[in-house]
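Read the structure below first, then the notes.
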Amino acid sequence: MKVYNFSPGPACLPEAVLKQAQEELVCYGGSGMSVMEMSHRSADFQEIIDKAEKDLRTLMAIPDNYKVLFLQGGASLQFSMVPINLMTTHKRAYYLKTGAFAKKAIAEAKKVGEVIVPVSSEDKTFSYIPDTTPDMFDREADYVHITSNNTIYGTRFTKIPDTNGIPLVSDMSSMILSETVNVSDYALIYAGAQKNIGPAGVTVVIVREDLLGKAPSSTPSMLDYKILADEGSMYNTPPTYGIYIAGLVFAHLLKEGGVPVMQKRNEEKAKLLYDYLDSSSLFKPTAEKKDRSLMNVTFVTGDEALDKKFISEAKAHGIVNIKGHRSVGGMRASIYNAMPIEGVQTLIDFMKEFEKNA
Ligand SMILES: Cc1ncc(COP(=O)(O)O)c(C=O)c1O
């Protein structure tokens, strides 16, 4: 039985993409072999990675002065690569502490240079995005780091902070391609693939060209953006199959109408679920209304035993992976691009039924 998979990541992929991959699994085009078996130096693979990059550039309207990299190591390796490569002039950066991944990013950056944390929402279990003002960024710094969408807590930045002219870096792992962003507002964007892009194992980095080549000479080659960019993401063997699937997802999104269409659908899906949560007397949303994520909807009943019962009964109804992160408890429905509105409606119908019988 095919289920509705509300996993926060790895997450559901468009069915059309999975079917295409299945058709091409054994024999890709005229190559006579699987993409998995191909040399990354072959013309066939070069075409696959070039097309993936071209389609991502179109989807996000990435300006020509930005490099697109397909790397490994997950978003977590970017927690280290960003400071190693960018914290080089002032040796100082600002980090907004809005969740568990922001905390991890801060811990890694502290190994490289000075980290200033002007705001944090840890006082209320990261259930909101703290306000910032430009005067908070009053010292010379190499960048300001934000987590655009906080996967665990279900919050997002609905507008980008005014950083007083300091370059902005964002971890977009759980919202990339879900809503329109203006790439030029950022010095660097990174995202693990396993939510809105493709399978785990690929990390996308979009970096402004003038920021390359600043890493200290002691930097390992595999961690130096300039070397990776100069080699077209192929300094070593890249995650070829993951890049191929990511390429299929990009082409699929373009065919569906691109990011604005995704955004409209995501807003509709999120509204359906939040509207129900706001009207429910059993389920309560945990994120502050103004900062609600379009991608990860977190909620509780207030009774742990009831949460557990709900999660287990939902599973029996083909609604899986809605258990909240252990640090928040309760439930989390991750409704990335590939989650159809029917999935959200099925979840709501089941919640109503559960509420009636509770
Ligand atoms: C916002 C965010 N940043 C970073 C990560 C860590 O990503 P990875 O497991 O690819 O290292 C995640 C994973 O869920 C995430 O949601």
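In the structure tokens, each chain is lettered A, B, ... as it comes, each chain's residues begin at 1, and ligands are numbered from 1 in order of appearance.
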Fill in: Which of range 70-267 of chain A fall in helix (DSSP H, G or I), as a PyMOL selection string
chain A and resi 74-86+100-109+122-124+134-136+183-185+209-211+221-223+225-230+240-256+259-267
Worksheet item: Which neighbours of Pro260 in chain A fall inside 9 Å, counting only C-alpha atoms, when residues of the same chain fewer than 6 positions from it are skipped, and could you give them as a list in words?
Response: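 Once the nearby chain positions are removed, what remains is Ser178, Glu179 and Thr180 of chain A.
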Per residue of chain A within 7 Å of ligand 1, record the nearest atom pair and its distance in Å to one decimal, counting only C-alpha atoms and all ligand atoms, with rows in chain order and ascending residue number, as JSON lines.
```
{"residue": "A:Pro8", "atom": "CA", "partner": "ligand 1", "partner_atom_place_in_ligand_line": "14 (O)", "distance": 6.8}
{"residue": "A:Gly9", "atom": "CA", "partner": "ligand 1", "partner_atom_place_in_ligand_line": "14 (O)", "distance": 6.1}
{"residue": "A:Gly73", "atom": "CA", "partner": "ligand 1", "partner_atom_place_in_ligand_line": "11 (O)", "distance": 6.5}
{"residue": "A:Gly74", "atom": "CA", "partner": "ligand 1", "partner_atom_place_in_ligand_line": "10 (O)", "distance": 3.3}
{"residue": "A:Ala75", "atom": "CA", "partner": "ligand 1", "partner_atom_place_in_ligand_line": "11 (O)", "distance": 3.9}
{"residue": "A:Ser76", "atom": "CA", "partner": "ligand 1", "partner_atom_place_in_ligand_line": "11 (O)", "distance": 3.6}
{"residue": "A:Leu77", "atom": "CA", "partner": "ligand 1", "partner_atom_place_in_ligand_line": "11 (O)", "distance": 6.4}
{"residue": "A:Phe101", "atom": "CA", "partner": "ligand 1", "partner_atom_place_in_ligand_line": "3 (N)", "distance": 5.1}
{"residue": "A:Thr147", "atom": "CA", "partner": "ligand 1", "partner_atom_place_in_ligand_line": "1 (C)", "distance": 6.0}
{"residue": "A:Asn149", "atom": "CA", "partner": "ligand 1", "partner_atom_place_in_ligand_line": "1 (C)", "distance": 6.0}
{"residue": "A:Asn150", "atom": "CA", "partner": "ligand 1", "partner_atom_place_in_ligand_line": "1 (C)", "distance": 5.4}
{"residue": "A:Thr151", "atom": "CA", "partner": "ligand 1", "partner_atom_place_in_ligand_line": "16 (O)", "distance": 4.7}
{"residue": "A:Asp171", "atom": "CA", "partner": "ligand 1", "partner_atom_place_in_ligand_line": "3 (N)", "distance": 5.9}
{"residue": "A:Met172", "atom": "CA", "partner": "ligand 1", "partner_atom_place_in_ligand_line": "1 (C)", "distance": 6.3}
{"residue": "A:Ser173", "atom": "CA", "partner": "ligand 1", "partner_atom_place_in_ligand_line": "1 (C)", "distance": 4.8}
{"residue": "A:Ser174", "atom": "CA", "partner": "ligand 1", "partner_atom_place_in_ligand_line": "16 (O)", "distance": 5.2}
{"residue": "A:Gly192", "atom": "CA", "partner": "ligand 1", "partner_atom_place_in_ligand_line": "10 (O)", "distance": 4.4}
{"residue": "A:Ala200", "atom": "CA", "partner": "ligand 1", "partner_atom_place_in_ligand_line": "10 (O)", "distance": 6.9}
```
Worksheet entry | range 143-226 of chain A: residues DSSP assigns to strand (DSSP E), reported as a list of chain:residue names |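 Taking range 143-226 of chain A and keeping strand (DSSP E) only, one gets A:Tyr143, A:Val144, A:His145, A:Ile146, A:Thr147, A:Asn149, A:Asn150, A:Thr155, A:Arg156, A:Leu168, A:Val169, A:Ser170, A:Asp171, A:Leu188, A:Ile189, A:Tyr190, A:Ala191, A:Gly192, A:Thr203, A:Val204, A:Val205, A:Ile206, A:Val207, A:Arg208.
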Mind writing the picked residues with N, CA, C and O atoms as a short mmCIF file (atom, residue, chain, number, x, y, z; two decimals), in the first residue's frame?
```cif
data_model
loop_
_atom_site.label_atom_id
_atom_site.label_comp_id
_atom_site.auth_asym_id
_atom_site.auth_seq_id
_atom_site.Cartn_x
_atom_site.Cartn_y
_atom_site.Cartn_z
N TYR A 143 29.77 37.61 7.70
CA TYR A 143 28.41 37.28 7.24
C TYR A 143 27.46 37.15 8.43
O TYR A 143 27.90 37.08 9.59
N VAL A 144 26.18 37.12 8.08
CA VAL A 144 25.11 36.81 9.05
C VAL A 144 24.49 35.49 8.59
O VAL A 144 24.14 35.36 7.40
N HIS A 145 24.35 34.54 9.50
CA HIS A 145 23.81 33.22 9.13
C HIS A 145 22.40 33.05 9.69
O HIS A 145 22.16 33.27 10.87
N ILE A 146 21.48 32.64 8.81
CA ILE A 146 20.12 32.31 9.26
C ILE A 146 19.73 30.89 8.80
O ILE A 146 20.32 30.36 7.86
N THR A 147 18.75 30.33 9.46
CA THR A 147 18.14 29.07 9.02
C THR A 147 16.74 29.46 8.53
O THR A 147 15.86 29.77 9.34
N ASN A 149 14.19 28.03 7.31
CA ASN A 149 13.04 27.25 7.82
C ASN A 149 13.57 26.28 8.87
O ASN A 149 14.51 25.53 8.60
N ASN A 150 12.95 26.33 10.04
CA ASN A 150 13.41 25.49 11.15
C ASN A 150 12.57 24.21 11.19
O ASN A 150 11.47 24.20 11.74
N THR A 155 9.01 26.68 12.20
CA THR A 155 8.99 28.14 12.01
C THR A 155 9.81 28.51 10.78
O THR A 155 10.67 27.75 10.35
N ARG A 156 9.54 29.71 10.25
CA ARG A 156 10.31 30.19 9.11
C ARG A 156 10.44 31.70 9.15
O ARG A 156 9.60 32.40 9.76
N LEU A 168 24.56 37.92 3.66
CA LEU A 168 23.65 36.98 4.32
C LEU A 168 23.88 35.56 3.80
O LEU A 168 24.02 35.35 2.59
N VAL A 169 23.94 34.61 4.72
CA VAL A 169 24.09 33.20 4.38
C VAL A 169 22.89 32.46 4.93
O VAL A 169 22.48 32.73 6.07
N SER A 170 22.30 31.56 4.13
CA SER A 170 21.14 30.85 4.66
C SER A 170 21.20 29.34 4.46
O SER A 170 21.56 28.86 3.39
N ASP A 171 20.79 28.64 5.50
CA ASP A 171 20.53 27.20 5.43
C ASP A 171 19.08 27.06 4.98
O ASP A 171 18.16 27.32 5.74
N LEU A 188 25.41 33.39 0.09
CA LEU A 188 25.50 31.93 -0.07
C LEU A 188 24.22 31.29 0.46
O LEU A 188 23.68 31.70 1.49
N ILE A 189 23.77 30.27 -0.28
CA ILE A 189 22.60 29.48 0.12
C ILE A 189 23.04 28.02 0.11
O ILE A 189 23.74 27.60 -0.83
N TYR A 190 22.66 27.25 1.12
CA TYR A 190 22.95 25.82 1.03
C TYR A 190 21.74 25.01 1.47
O TYR A 190 20.87 25.51 2.20
N ALA A 191 21.68 23.78 0.98
CA ALA A 191 20.54 22.92 1.31
C ALA A 191 20.89 21.46 1.09
O ALA A 191 21.42 21.10 0.03
N GLY A 192 20.61 20.64 2.08
CA GLY A 192 20.66 19.19 1.89
C GLY A 192 19.51 18.83 0.97
O GLY A 192 18.46 19.44 1.01
N THR A 203 24.21 17.76 -1.62
CA THR A 203 24.00 19.06 -0.98
C THR A 203 24.21 20.14 -2.03
O THR A 203 25.22 20.12 -2.73
N VAL A 204 23.24 21.02 -2.14
CA VAL A 204 23.36 22.11 -3.12
C VAL A 204 23.92 23.35 -2.42
O VAL A 204 23.46 23.71 -1.33
N VAL A 205 24.93 23.95 -3.04
CA VAL A 205 25.46 25.22 -2.54
C VAL A 205 25.40 26.23 -3.69
O VAL A 205 25.83 25.93 -4.81
N ILE A 206 24.84 27.39 -3.40
CA ILE A 206 24.76 28.47 -4.39
C ILE A 206 25.57 29.62 -3.80
O ILE A 206 25.20 30.16 -2.74
N VAL A 207 26.67 29.96 -4.42
CA VAL A 207 27.59 30.91 -3.79
C VAL A 207 28.02 32.01 -4.76
O VAL A 207 28.31 31.73 -5.94
N ARG A 208 28.04 33.24 -4.27
CA ARG A 208 28.45 34.37 -5.11
C ARG A 208 29.94 34.23 -5.43
O ARG A 208 30.76 33.99 -4.54
#
```
Worksheet entry | Test item: residues at most 10 Å from Asp44 in chain A, only C-alpha atoms, excluding those fewer than 3 positions along its chain, as a VMD selection string | chain A and resid 28 to 31 35 38 to 41 47 to 49
Go ahead and save the picked residues with C-alpha atoms, as a JSON list (two decimals), in the first residue's frame.
```json
[["chain", "number", "residue", "atom", "x", "y", "z"],
["A", 28, "TYR", "CA", 19.58, 5.25, -19.41],
["A", 29, "GLY", "CA", 18.82, 6.69, -22.85],
["A", 30, "GLY", "CA", 21.18, 5.33, -25.48],
["A", 31, "SER", "CA", 23.97, 4.64, -22.99],
["A", 35, "VAL", "CA", 23.25, 6.10, -14.45],
["A", 38, "MET", "CA", 28.32, 5.55, -15.55],
["A", 39, "SER", "CA", 31.66, 7.28, -15.31],
["A", 40, "HIS", "CA", 31.24, 10.75, -13.90],
["A", 41, "ARG", "CA", 33.64, 11.84, -16.67],
["A", 47, "GLU", "CA", 24.91, 16.20, -19.82],
["A", 48, "ILE", "CA", 22.94, 15.09, -16.73],
["A", 49, "ILE", "CA", 24.77, 17.40, -14.32]]
```
